[in-house]
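Structure file coords.cif (mmCIF, C-alpha atoms) follows.
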```cif
data_input
#
loop_
_atom_site.label_atom_id
_atom_site.label_comp_id
_atom_site.auth_asym_id
_atom_site.auth_seq_id
_atom_site.Cartn_x
_atom_site.Cartn_y
_atom_site.Cartn_z
CA MET A 19 0.00 0.00 0.00
CA SER A 20 1.35 3.43 -0.80
CA ARG A 21 2.10 5.78 2.01
CA PRO A 22 -0.44 8.58 2.56
CA GLU A 23 2.26 11.25 2.74
CA HIS A 24 3.22 10.40 -0.85
CA GLN A 25 -0.29 11.05 -2.10
CA ALA A 26 -0.98 14.61 -1.02
CA PRO A 27 0.01 17.18 1.62
CA PRO A 28 -1.67 16.57 4.99
CA GLU A 29 -4.10 19.47 4.77
CA ILE A 30 -5.43 17.99 1.53
CA TYR A 31 -5.12 14.27 2.31
CA TYR A 32 -7.05 14.53 5.57
CA ASN A 33 -10.21 15.91 4.02
CA ASP A 34 -13.68 15.49 5.49
CA GLU A 35 -13.95 12.00 4.07
CA GLU A 36 -10.66 10.80 5.55
CA ALA A 37 -11.35 12.57 8.84
CA ARG A 38 -14.70 10.82 9.12
CA LYS A 39 -12.90 7.47 9.08
CA TYR A 40 -11.07 8.46 12.22
CA THR A 41 -14.27 9.12 14.11
CA SER A 42 -16.34 6.23 12.76
CA ASN A 43 -13.94 3.34 12.19
CA THR A 44 -13.48 1.33 15.38
CA ARG A 45 -10.33 -0.36 14.10
CA ILE A 46 -8.59 2.97 13.54
CA GLN A 47 -9.86 4.16 16.91
CA SER A 48 -8.46 1.18 18.80
CA VAL A 49 -5.07 1.45 17.09
CA GLN A 50 -4.91 5.16 17.89
CA ALA A 51 -5.94 4.53 21.48
CA ASP A 52 -3.26 1.89 21.97
CA LEU A 53 -0.63 4.21 20.55
CA THR A 54 -1.74 7.03 22.81
CA TYR A 55 -1.66 4.90 25.95
CA ARG A 56 1.80 3.67 25.06
CA ALA A 57 3.00 7.22 24.36
CA LEU A 58 1.60 8.35 27.72
CA GLU A 59 3.42 5.50 29.42
CA LEU A 60 6.66 6.57 27.77
CA LEU A 61 6.09 10.18 28.85
CA ASN A 62 6.52 8.97 32.43
CA LEU A 63 4.52 11.77 34.03
CA PRO A 64 4.30 11.93 37.81
CA GLU A 65 1.30 9.95 38.96
CA ASN A 66 -1.98 11.53 40.07
CA GLU A 67 -0.89 15.00 39.06
CA PRO A 68 -2.73 16.78 36.28
CA ALA A 69 -0.26 17.83 33.62
CA PHE A 70 -0.43 20.37 30.84
CA LEU A 71 0.27 18.59 27.56
CA LEU A 72 0.66 19.44 23.91
CA ASP A 73 -0.85 17.14 21.31
CA ILE A 74 0.85 17.70 17.96
CA GLY A 75 -1.29 16.57 15.06
CA CYS A 76 -4.28 16.00 17.32
CA GLY A 77 -6.61 15.40 14.41
CA SER A 78 -10.21 15.10 15.50
CA GLY A 79 -9.10 14.71 19.10
CA LEU A 80 -9.05 10.92 19.46
CA SER A 81 -5.90 10.95 21.53
CA GLY A 82 -7.11 14.04 23.35
CA GLU A 83 -10.12 12.17 24.69
CA ILE A 84 -7.75 9.72 26.32
CA LEU A 85 -5.71 12.54 27.81
CA ASP A 86 -8.94 13.97 29.22
CA GLU A 87 -9.80 10.62 30.76
CA GLU A 88 -6.41 10.44 32.41
CA GLY A 89 -7.08 13.84 33.94
CA HIS A 90 -4.65 15.95 31.96
CA MET A 91 -5.26 19.24 30.27
CA TRP A 92 -4.11 19.50 26.72
CA ILE A 93 -3.81 21.84 23.77
CA GLY A 94 -3.99 20.35 20.33
CA MET A 95 -2.82 21.54 16.97
CA ASP A 96 -3.28 20.31 13.44
CA ILE A 97 -2.75 21.56 9.93
CA SER A 98 -5.92 20.07 8.52
CA PRO A 99 -9.10 22.01 9.34
CA SER A 100 -11.30 18.93 8.80
CA MET A 101 -9.67 17.17 11.67
CA LEU A 102 -10.01 19.99 14.19
CA ARG A 103 -12.35 20.35 17.11
CA ASP A 104 -11.56 23.39 19.22
CA LEU A 105 -7.88 23.74 18.81
CA PHE A 106 -5.18 25.29 16.67
CA LEU A 107 -4.67 25.54 12.98
CA GLN A 108 -0.95 25.28 12.62
CA ASP A 109 1.81 23.98 10.41
CA VAL A 110 4.31 22.60 12.89
CA GLY A 111 7.06 22.93 10.28
CA GLN A 112 6.69 26.69 10.71
CA GLY A 113 7.45 26.43 14.40
CA MET A 114 5.11 26.99 17.29
CA GLY A 115 4.44 30.16 19.20
CA PHE A 116 4.25 29.15 22.82
CA ARG A 117 5.78 30.87 25.78
CA PRO A 118 8.94 29.14 27.02
CA GLY A 119 8.42 26.43 29.61
CA THR A 120 4.69 26.08 29.06
CA PHE A 121 4.20 22.33 28.76
CA ASP A 122 4.86 19.35 31.01
CA GLY A 123 5.11 17.07 28.00
CA ALA A 124 4.20 16.60 24.37
CA ILE A 125 2.84 13.66 22.44
CA SER A 126 2.33 13.19 18.76
CA ILE A 127 0.90 10.21 16.93
CA SER A 128 1.88 9.57 13.30
CA VAL A 129 3.01 13.05 12.40
CA LEU A 130 6.79 13.25 12.02
CA GLN A 131 6.88 11.38 8.72
CA TRP A 132 4.74 14.14 7.18
CA LEU A 133 7.40 16.69 8.05
CA CYS A 134 9.95 14.91 5.88
CA ASN A 135 8.02 15.85 2.76
CA ALA A 136 8.44 18.90 0.64
CA ASP A 137 4.90 19.70 -0.47
CA HIS A 138 5.69 23.21 -1.64
CA SER A 139 8.65 24.49 -3.57
CA SER A 140 9.62 26.56 -0.55
CA HIS A 141 9.62 23.59 1.81
CA ASN A 142 12.90 22.19 2.99
CA PRO A 143 12.38 19.17 5.27
CA LYS A 144 15.61 19.73 7.14
CA SER A 145 14.93 23.33 8.05
CA ARG A 146 11.28 22.58 8.85
CA LEU A 147 12.30 19.81 11.24
CA THR A 148 14.88 22.09 12.85
CA ARG A 149 12.37 24.89 13.29
CA PHE A 150 9.83 22.46 14.70
CA PHE A 151 12.17 20.89 17.24
CA SER A 152 13.75 24.16 18.35
CA THR A 153 10.41 25.85 19.05
CA LEU A 154 9.18 22.69 20.74
CA TYR A 155 12.28 22.57 22.91
CA SER A 156 11.71 26.06 24.18
CA SER A 157 8.02 25.55 24.87
CA LEU A 158 8.71 22.53 27.09
CA ARG A 159 9.52 22.73 30.80
CA ARG A 160 13.07 21.63 31.69
CA GLY A 161 13.04 17.89 32.25
CA ALA A 162 9.84 17.39 30.27
CA ARG A 163 9.60 14.63 27.70
CA ALA A 164 8.22 14.52 24.22
CA VAL A 165 7.12 11.24 22.69
CA PHE A 166 6.52 10.89 18.97
CA GLN A 167 5.08 7.81 17.40
CA PHE A 168 5.89 7.77 13.71
CA TYR A 169 6.24 5.56 10.67
CA PRO A 170 9.68 6.14 9.18
CA GLU A 171 9.98 5.26 5.53
CA ASN A 172 13.62 4.20 5.74
CA ASP A 173 16.73 4.49 7.89
CA HIS A 174 17.72 7.70 6.21
CA GLN A 175 14.51 9.37 7.33
CA CYS A 176 15.04 8.14 10.88
CA GLU A 177 18.50 9.61 10.89
CA LEU A 178 17.31 12.93 9.48
CA ILE A 179 14.71 13.29 12.24
CA MET A 180 17.05 12.20 15.04
CA ASN A 181 19.81 14.54 13.90
CA ALA A 182 17.44 17.50 13.74
CA ALA A 183 16.20 16.77 17.28
CA MET A 184 19.66 16.33 18.76
CA ARG A 185 20.91 19.50 17.14
CA CYS A 186 18.13 21.45 18.88
CA GLY A 187 19.29 20.28 22.29
CA PHE A 188 17.08 17.26 22.87
CA GLU A 189 18.47 14.08 24.35
CA GLY A 190 17.01 10.64 24.00
CA GLY A 191 16.51 8.19 21.21
CA LEU A 192 14.32 5.65 19.51
CA VAL A 193 12.26 3.03 21.30
CA ILE A 194 11.17 0.28 18.93
CA ASP A 195 8.35 -1.93 20.18
CA TYR A 196 8.14 -5.48 18.81
CA PRO A 197 11.13 -5.03 16.50
CA ASN A 198 10.79 -8.52 15.03
CA SER A 199 7.16 -8.22 14.10
CA LYS A 200 5.89 -6.89 10.82
CA LYS A 201 2.53 -5.70 12.08
CA ALA A 202 3.12 -4.74 15.69
CA LYS A 203 6.44 -2.99 15.13
CA LYS A 204 6.14 0.61 16.28
CA TYR A 205 8.66 3.43 16.41
CA PHE A 206 8.59 5.89 19.29
CA LEU A 207 11.01 8.78 19.37
CA CYS A 208 11.55 9.63 23.03
CA LEU A 209 13.07 13.02 23.68
CA PHE A 210 14.14 14.73 26.89
CA ALA A 211 14.17 18.51 26.96
CA GLY A 212 17.07 19.18 29.30
CA GLN A 213 17.05 17.30 32.55
CA ILE A 214 16.39 17.79 36.20
CA PRO A 215 19.51 16.79 38.12
CA ILE A 216 18.77 13.43 39.72
CA GLU A 217 20.97 11.14 41.77
CA ASP A 218 21.61 8.38 39.30
CA GLY A 219 22.68 10.78 36.59
CA LYS A 220 21.12 10.52 33.16
CA PRO A 221 17.45 9.83 32.62
CA LYS A 222 17.03 6.24 31.54
CA MET A 223 15.66 5.37 28.17
CA PRO A 224 12.39 3.50 28.56
CA LYS A 225 12.40 -0.16 27.66
CA ALA A 226 10.85 -1.27 24.41
CA LEU A 227 8.17 -3.92 24.36
CA GLY A 228 8.62 -7.32 22.78
CA VAL A 229 12.41 -7.26 22.63
CA ASP A 230 13.03 -10.51 24.53
CA GLY A 231 10.76 -12.52 22.31
CA GLU A 232 7.58 -11.52 24.09
CA ASP A 233 4.57 -12.26 21.98
CA GLU A 234 2.95 -9.40 20.20
CA PRO A 235 -0.55 -8.67 21.38
CA ASN A 236 -3.10 -10.42 19.22
CA THR A 237 -6.00 -8.04 19.35
CA ILE A 238 -7.39 -8.55 15.89
CA ILE A 239 -10.38 -10.83 15.53
CA TYR A 240 -10.37 -12.20 12.02
CA SER A 241 -13.77 -12.48 10.47
CA SER A 242 -12.76 -14.97 7.80
CA GLN A 243 -13.70 -18.50 8.77
CA ARG A 244 -10.74 -20.11 7.03
CA ILE A 245 -8.25 -18.05 9.06
CA GLN A 246 -10.07 -18.86 12.29
CA GLU A 247 -9.95 -22.53 11.41
CA ARG A 248 -6.26 -22.30 10.70
CA GLN A 249 -5.58 -20.62 14.02
CA ARG A 250 -7.58 -23.25 15.90
CA THR A 251 -5.77 -26.26 14.42
CA LYS A 252 -2.35 -24.65 14.65
CA GLY A 253 0.10 -26.92 16.47
CA LYS A 254 -2.05 -30.05 16.26
CA GLN A 255 -0.80 -32.96 14.10
CA ARG A 256 -2.63 -33.11 10.86
CA LYS A 257 -3.86 -36.51 9.63
CA SER A 258 -1.71 -37.87 6.85
CA ILE A 259 -3.40 -38.23 3.49
CA LYS A 260 -1.79 -41.56 2.69
CA GLU A 261 -3.57 -43.53 5.41
CA LYS A 262 -4.21 -47.28 5.16
CA ASP A 263 -7.71 -46.70 3.70
CA TRP A 264 -6.26 -44.66 0.89
CA VAL A 265 -3.62 -47.27 0.05
CA MET A 266 -6.17 -50.08 0.11
CA HIS A 267 -8.43 -48.17 -2.22
CA LYS A 268 -5.55 -47.58 -4.65
CA LYS A 269 -4.66 -51.25 -4.65
CA GLU A 270 -8.28 -52.23 -5.21
CA VAL A 271 -8.50 -49.94 -8.23
CA ALA A 272 -5.22 -51.32 -9.62
CA ARG A 273 -6.47 -54.91 -9.28
CA MET A 274 -9.73 -54.08 -11.06
CA LYS A 275 -7.71 -52.58 -13.89
CA GLY A 276 -5.72 -55.79 -14.08
CA THR A 277 -2.36 -54.40 -13.12
CA LYS A 278 -0.16 -57.44 -12.50
CA SER A 279 2.30 -56.38 -9.82
CA VAL A 280 -0.04 -55.39 -7.01
CA PRO A 281 1.47 -56.61 -3.70
CA LEU A 282 -0.63 -58.74 -1.42
CA ASP A 283 -2.34 -57.15 1.52
CA SER A 284 -0.86 -57.84 4.93
CA LYS A 285 -0.58 -56.26 8.36
CA TYR A 286 2.44 -54.32 7.02
CA THR A 287 0.44 -52.58 4.30
CA ALA A 288 0.72 -48.77 4.47
CA ARG A 289 2.99 -48.91 7.47
CA LYS A 290 5.98 -46.66 7.65
CA ARG A 291 9.44 -48.19 7.56
CA LYS A 292 11.48 -47.78 10.68
CA PRO A 293 14.29 -45.28 10.43
CA LYS A 294 17.48 -47.15 9.55
CA PHE A 295 19.75 -45.52 12.10
CA MET B 16 -10.06 29.57 22.16
CA ARG B 17 -9.86 30.06 25.88
CA LEU B 18 -7.96 32.78 27.67
CA ILE B 19 -5.69 30.26 29.36
CA VAL B 20 -4.50 29.25 25.90
CA HIS B 21 -4.08 32.85 24.84
CA ASN B 22 -1.82 33.35 27.84
CA MET B 23 0.54 30.70 26.47
CA LEU B 24 0.77 32.13 22.98
CA GLN B 25 3.37 34.40 21.51
CA CYS B 26 4.10 35.51 17.99
CA HIS B 27 6.31 33.05 16.13
CA VAL B 28 7.19 34.98 13.01
CA LYS B 29 10.88 34.42 12.41
CA GLY B 30 13.03 37.17 13.89
CA CYS B 31 10.16 38.55 15.96
CA ASP B 32 11.47 37.67 19.38
CA SER B 33 11.01 40.68 21.59
CA ASN B 34 7.79 42.32 22.76
CA ASN B 35 5.87 39.49 21.05
CA PHE B 36 3.78 38.55 24.07
CA PRO B 37 0.88 38.89 24.77
CA LEU B 38 -0.89 39.13 21.43
CA GLN B 39 -3.39 41.99 21.31
CA LEU B 40 -6.99 40.94 20.88
CA SER B 41 -9.40 42.89 18.76
CA ASP B 42 -12.91 42.54 17.29
CA VAL B 43 -13.66 39.66 19.61
CA GLU B 44 -16.89 37.77 20.08
CA LEU B 45 -17.19 35.85 23.33
CA GLU B 46 -19.11 32.78 24.37
CA ILE B 47 -19.41 31.01 27.71
CA HIS B 48 -19.20 27.22 27.87
CA GLU B 49 -19.45 25.93 31.40
CA ILE B 50 -17.13 23.17 32.54
CA GLU B 51 -16.51 21.46 35.84
CA TYR B 52 -14.50 23.36 38.43
CA ASN B 53 -11.22 21.61 39.24
CA HIS B 54 -9.46 23.22 42.17
CA GLU B 55 -6.23 21.22 41.95
CA PHE B 56 -5.85 21.89 38.29
CA LEU B 57 -6.45 25.63 38.58
CA GLN B 58 -3.82 25.85 41.30
CA SER B 59 -1.21 24.06 39.23
CA LEU B 60 -1.89 26.31 36.26
CA LEU B 61 -1.71 29.52 38.27
CA THR B 62 2.02 29.02 38.64
CA LYS B 63 2.33 29.05 34.85
CA LEU B 64 0.08 32.04 34.27
CA ASP B 65 1.66 35.35 33.37
CA TRP B 66 -0.55 37.54 35.55
CA LYS B 67 0.30 40.92 34.07
CA ALA B 68 -0.41 39.77 30.54
CA PHE B 69 -3.56 38.05 31.68
CA VAL B 70 -4.99 41.20 33.29
CA ALA B 71 -4.09 43.28 30.25
CA THR B 72 -5.84 40.80 27.94
CA ALA B 73 -8.89 40.61 30.15
CA GLU B 74 -9.19 44.37 29.99
CA GLN B 75 -9.08 44.29 26.19
CA ILE B 76 -12.15 42.10 26.10
CA GLY B 77 -13.99 44.11 28.73
CA ILE B 78 -13.25 42.29 31.98
CA THR B 79 -11.96 44.91 34.39
CA SER B 80 -12.63 43.30 37.75
CA LEU B 81 -9.16 41.77 38.15
CA PRO B 82 -6.53 43.26 40.48
CA GLN B 83 -3.30 44.53 38.87
CA THR B 84 -1.11 42.36 41.05
CA PHE B 85 -1.79 38.79 42.09
CA PRO B 86 -3.42 38.96 45.54
CA GLU B 87 -1.48 37.54 48.49
CA GLU B 88 -4.48 35.80 49.94
CA ILE B 89 -6.86 34.00 47.68
CA ASP B 90 -10.26 32.66 48.62
CA GLU B 91 -12.62 30.26 46.91
CA ASP B 92 -14.70 33.06 45.37
CA PHE B 93 -11.68 34.54 43.67
CA LEU B 94 -10.67 31.14 42.27
CA LYS B 95 -14.20 30.56 41.00
CA LYS B 96 -14.04 33.88 39.22
CA LEU B 97 -10.69 32.98 37.70
CA HIS B 98 -12.10 29.64 36.59
CA ARG B 99 -14.88 31.51 34.84
CA ILE B 100 -12.52 33.81 32.99
CA LEU B 101 -9.72 31.36 32.24
CA PHE B 102 -11.57 28.18 31.35
CA GLU B 103 -15.14 29.06 30.48
CA THR B 104 -14.77 32.20 28.41
CA HIS B 105 -14.18 31.29 24.78
CA ILE B 106 -13.12 33.67 22.05
CA VAL B 107 -15.16 32.58 19.05
CA GLU B 108 -14.36 35.21 16.46
CA GLY B 109 -11.77 37.95 16.21
CA LYS B 110 -8.08 38.38 15.64
CA MET B 111 -4.83 38.50 17.55
CA ILE B 112 -2.24 41.06 16.60
CA CYS B 113 1.43 40.96 17.51
CA SER B 114 2.45 44.30 19.02
CA ASN B 115 5.98 43.97 17.60
CA CYS B 116 5.59 42.89 13.97
CA SER B 117 1.81 43.48 13.73
CA HIS B 118 1.12 40.07 12.20
CA GLU B 119 -2.57 39.21 12.42
CA TYR B 120 -3.72 35.77 13.52
CA PRO B 121 -7.41 35.36 12.73
CA ILE B 122 -9.73 33.38 15.01
CA ARG B 123 -12.63 31.67 13.28
CA ASP B 124 -15.18 29.37 14.89
CA GLY B 125 -13.07 29.38 18.02
CA ILE B 126 -9.98 28.08 16.20
CA PRO B 127 -6.98 30.39 16.00
CA ASN B 128 -5.19 30.19 12.69
CA MET B 129 -1.47 30.25 13.45
CA LEU B 130 -0.30 29.59 9.88
CA LEU B 131 2.31 31.97 8.54
CA ASN B 132 3.09 33.18 5.05
CA GLU B 133 6.22 31.88 3.39
CA GLU B 134 8.05 35.22 3.50
CA GLU B 135 7.64 35.39 7.27
CA LEU B 136 9.72 32.25 7.67
CA GLU B 137 12.83 33.64 6.01
#
```

In structure tokens, what does this structure look like?
Amino acid sequence: MSRPEHQAPPEIYYNDEEARKYTSNTRIQSVQADLTYRALELLNLPENEPAFLLDIGCGSGLSGEILDEEGHMWIGMDISPSMLRDLFLQDVGQGMGFRPGTFDGAISISVLQWLCNADHSSHNPKSRLTRFFSTLYSSLRRGARAVFQFYPENDHQCELIMNAAMRCGFEGGLVIDYPNSKKAKKYFLCLFAGQIPIEDGKPKMPKALGVDGEDEPNTIIYSSQRIQERQRTKGKQRKSIKEKDWVMHKKEVARMKGTKSVPLDSKYTARKRKPKF
Amino acid sequence: MRLIVHNMLQCHVKGCDSNNFPLQLSDVELEIHEIEYNHEFLQSLLTKLDWKAFVATAEQIGITSLPQTFPEEIDEDFLKKLHRILFETHIVEGKMICSNCSHEYPIRDGIPNMLLNEEELE
């Protein structure tokens, strides 16, 4: 499937039609919710304290609803007017105008890859990323974290994004959940804006899920009967096709045809030979 | 857009980095949407609020009942009033103007448009 950011710029791609999918499709909703919960976990906010968060690329506010539930206050921004509820119309590549030290954290679900595109002749991905990260850095409180879930197209894109972030003063790195899985593999860019001095020195990078061969969560219920059948019989020994009945039938047919060299039936018919060694 | 959000905003035109906060409001239309009062939350946000800018902005939209300096002692009534102004007063239509570079950010249907023109990024 082609990547949406190759088809059109975000403000055009996420039109009313596409935005409606996000509010009506339960599959999209559950994926978005999972990503948001995971991003919140990575943010590592102090427990039971309401925080002031920034949601970059908030869309129609799916992730915001979860932030509300968790008791946080948030401000959202998006470039596509169709996706907005009561928030900001903003191109994050142009930087953000927030007072320094405003936010306790920032999350962003599936946005960064859009910034690597040049949708206008005047766009330069590198300078847009730099402007984005530098304004974000200043709007975060010291010691705050920013977590970005994104779908990098290739290693080069990953590197471009990481370099831009590091150059703006962020520390941190990539957390890759379920790195060995095709479907469940998710990239989270975890950034620290400065740090509060703590005893054990540097803030620790959070641990990725599914690294030590943990199973990926199987949340999808397949509707196709064949696939369900396959999952049910997985692991069980299948019955061999060439059973005794089948062999006997073949011999019977051969005798009726008059084939001469049909062996006699015995208790050894259709038995497997023992392994020689 | 609520006033608490306005208090966080500054102009982000490239090179405009002094006297760019707060943005001046003009031609505003207001609406009140009531939400639940959350004492803890209001307290934690008060530390982030720039009081001087907040009072100045409130005056621009016709709220003159706020003291010029943050009062030493605060009671429940005062907090309730703040809650009303900060969280429940929405700016639905109007524009925000930067007092330094005079860029205009329009507000339509309660959504501020923070997009810039290309030449303002150079």

Quick one: which chain B residues come within 9 Å of chain A, and what is the nearest atom pair for each with the distance in Å to one decimal, counting only C-alpha atoms, rows ordered by chain and ascending number, as a Markdown table?
```
| residue | atom | partner | partner_atom | distance |
| --- | --- | --- | --- | --- |
| B:Met16 | CA | A:Asp104 | CA | 7.0 |
| B:Val20 | CA | A:Ile93 | CA | 7.7 |
| B:Asn22 | CA | A:Arg117 | CA | 8.3 |
| B:Met23 | CA | A:Arg117 | CA | 5.3 |
| B:Leu24 | CA | A:Phe116 | CA | 4.6 |
| B:Gln25 | CA | A:Gly115 | CA | 4.9 |
| B:Cys26 | CA | A:Gly115 | CA | 5.5 |
| B:His27 | CA | A:Gly115 | CA | 4.6 |
| B:Val28 | CA | A:Gly115 | CA | 8.3 |
| B:Lys29 | CA | A:Gly113 | CA | 8.9 |
| B:Phe36 | CA | A:Arg117 | CA | 8.1 |
| B:Glu55 | CA | A:Pro68 | CA | 8.0 |
| B:Phe56 | CA | A:Pro68 | CA | 6.3 |
| B:Ser59 | CA | A:Pro68 | CA | 8.0 |
| B:Leu60 | CA | A:Phe70 | CA | 8.2 |
| B:Lys63 | CA | A:Thr120 | CA | 6.9 |
| B:Asp124 | CA | A:Asp104 | CA | 8.2 |
| B:Gly125 | CA | A:Asp104 | CA | 6.3 |
| B:Ile126 | CA | A:Leu105 | CA | 5.5 |
| B:Pro127 | CA | A:Phe106 | CA | 5.4 |
| B:Asn128 | CA | A:Leu107 | CA | 4.7 |
| B:Met129 | CA | A:Gln108 | CA | 5.1 |
| B:Leu130 | CA | A:Gln108 | CA | 5.1 |
| B:Leu131 | CA | A:Gln112 | CA | 7.2 |
| B:Glu133 | CA | A:Ser140 | CA | 7.4 |
| B:Leu136 | CA | A:Gln112 | CA | 7.0 |
```

**Asked** Do you know which residues the PyMOL selection byres ((chain B and resi 43-50) around 6) returns on this file, as a PyMOL selection string?
**Response** chain B and resi 41-42+51+103-109

**Request:** Convert the output of the PyMOL selection byres ((chain A and resi 128) around 12) on the shown file into explicit residues, formatted as JSON, numbers by chain.
**Result:** {"A": [21, 22, 23, 28, 49, 50, 53, 54, 57, 73, 74, 75, 76, 77, 81, 96, 125, 126, 127, 129, 130, 131, 132, 133, 165, 166, 167, 168, 169, 170, 204, 205, 206, 207]}

**Prompt:** Can you list, as JSON, numbers by chain, the residues that the PyMOL selection byres ((chain B and resi 116) around 12) selects here?
**Reply:** {"B": [25, 26, 27, 28, 29, 30, 31, 32, 33, 34, 35, 36, 38, 39, 111, 112, 113, 114, 115, 117, 118, 119, 120, 135]}

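Nearest-residue note for Asn43 of chain A: choosing from A:Tyr31, A:Leu80, A:Leu192, A:Ile259, the minimum distance belongs to A:Leu80, counting only C-alpha atoms.
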
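Relative to atom CA of Glu171 of chain A, atom CA of Ala183 of chain A is found at 17.6 Å.
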
**Request:** For atom CA of Ser78 of chain A and atom CA of Glu35 of chain A, quote the distance in Å rounded to one decimal.
**Result:**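 Spanning atom CA of Ser78 of chain A to atom CA of Glu35 of chain A is a straight-line distance of 12.4 Å.
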
**Request:** Can you pull out every residue within 10 Å of Ser80 of chain B, counting all atoms listed in the file, but drop anything in the same chain fewer than 6 positions away, and send it as a list in words?
**Result:**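 Residues meeting the cut-off are Val70, Ala73, Glu74 and Lys96 of chain B.
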
**Message:** One number please: atom CA of Ala162 of chain A to atom CA of Tyr55 of chain A, in Å, one decimal.
**Reply:**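 Taking atom CA of Ala162 of chain A as the start and atom CA of Tyr55 of chain A as the end point, the length is 17.5 Å.
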
Quick one: axis-aligned box around all listed atoms of segment 87-99 of chain B, 3 Å on every side, centre and edge lengths in Å to one decimal, written as JSON.
```
{"center_x": -8.2, "center_y": 33.6, "center_z": 42.4, "size_x": 19.4, "size_y": 13.9, "size_z": 21.1}
```

Complete segment 94-105 of chain B at the level of N, CA and C atoms, written as an mmCIF file, in the frame of the given file.
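Final file, part.cif:
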```cif
data_model
loop_
_atom_site.group_PDB
_atom_site.id
_atom_site.type_symbol
_atom_site.label_atom_id
_atom_site.label_comp_id
_atom_site.auth_asym_id
_atom_site.auth_seq_id
_atom_site.Cartn_x
_atom_site.Cartn_y
_atom_site.Cartn_z
ATOM 1 N N LEU B 94 -11.046 32.250 43.163
ATOM 2 C CA LEU B 94 -10.670 31.140 42.270
ATOM 3 C C LEU B 94 -11.813 30.798 41.325
ATOM 4 N N LYS B 95 -13.035 30.831 41.850
ATOM 5 C CA LYS B 95 -14.200 30.560 41.000
ATOM 6 C C LYS B 95 -14.284 31.572 39.870
ATOM 7 N N LYS B 96 -13.983 32.827 40.226
ATOM 8 C CA LYS B 96 -14.040 33.880 39.220
ATOM 9 C C LYS B 96 -12.966 33.648 38.157
ATOM 10 N N LEU B 97 -11.772 33.281 38.629
ATOM 11 C CA LEU B 97 -10.690 32.980 37.700
ATOM 12 C C LEU B 97 -11.065 31.819 36.770
ATOM 13 N N HIS B 98 -11.663 30.801 37.361
ATOM 14 C CA HIS B 98 -12.100 29.640 36.590
ATOM 15 C C HIS B 98 -13.015 30.086 35.459
ATOM 16 N N ARG B 99 -13.934 30.987 35.819
ATOM 17 C CA ARG B 99 -14.880 31.510 34.840
ATOM 18 C C ARG B 99 -14.143 32.187 33.679
ATOM 19 N N ILE B 100 -13.192 33.031 34.028
ATOM 20 C CA ILE B 100 -12.520 33.810 32.990
ATOM 21 C C ILE B 100 -11.522 32.959 32.199
ATOM 22 N N LEU B 101 -10.787 32.122 32.906
ATOM 23 C CA LEU B 101 -9.720 31.360 32.240
ATOM 24 C C LEU B 101 -10.254 30.198 31.406
ATOM 25 N N PHE B 102 -11.180 29.442 31.983
ATOM 26 C CA PHE B 102 -11.570 28.180 31.350
ATOM 27 C C PHE B 102 -12.911 28.216 30.622
ATOM 28 N N GLU B 103 -13.799 29.126 31.051
ATOM 29 C CA GLU B 103 -15.140 29.060 30.480
ATOM 30 C C GLU B 103 -15.409 30.129 29.435
ATOM 31 N N THR B 104 -14.575 31.155 29.410
ATOM 32 C CA THR B 104 -14.770 32.200 28.410
ATOM 33 C C THR B 104 -14.027 31.828 27.130
ATOM 34 N N HIS B 105 -14.785 31.658 26.059
ATOM 35 C CA HIS B 105 -14.180 31.290 24.780
ATOM 36 C C HIS B 105 -14.211 32.476 23.821
#
```
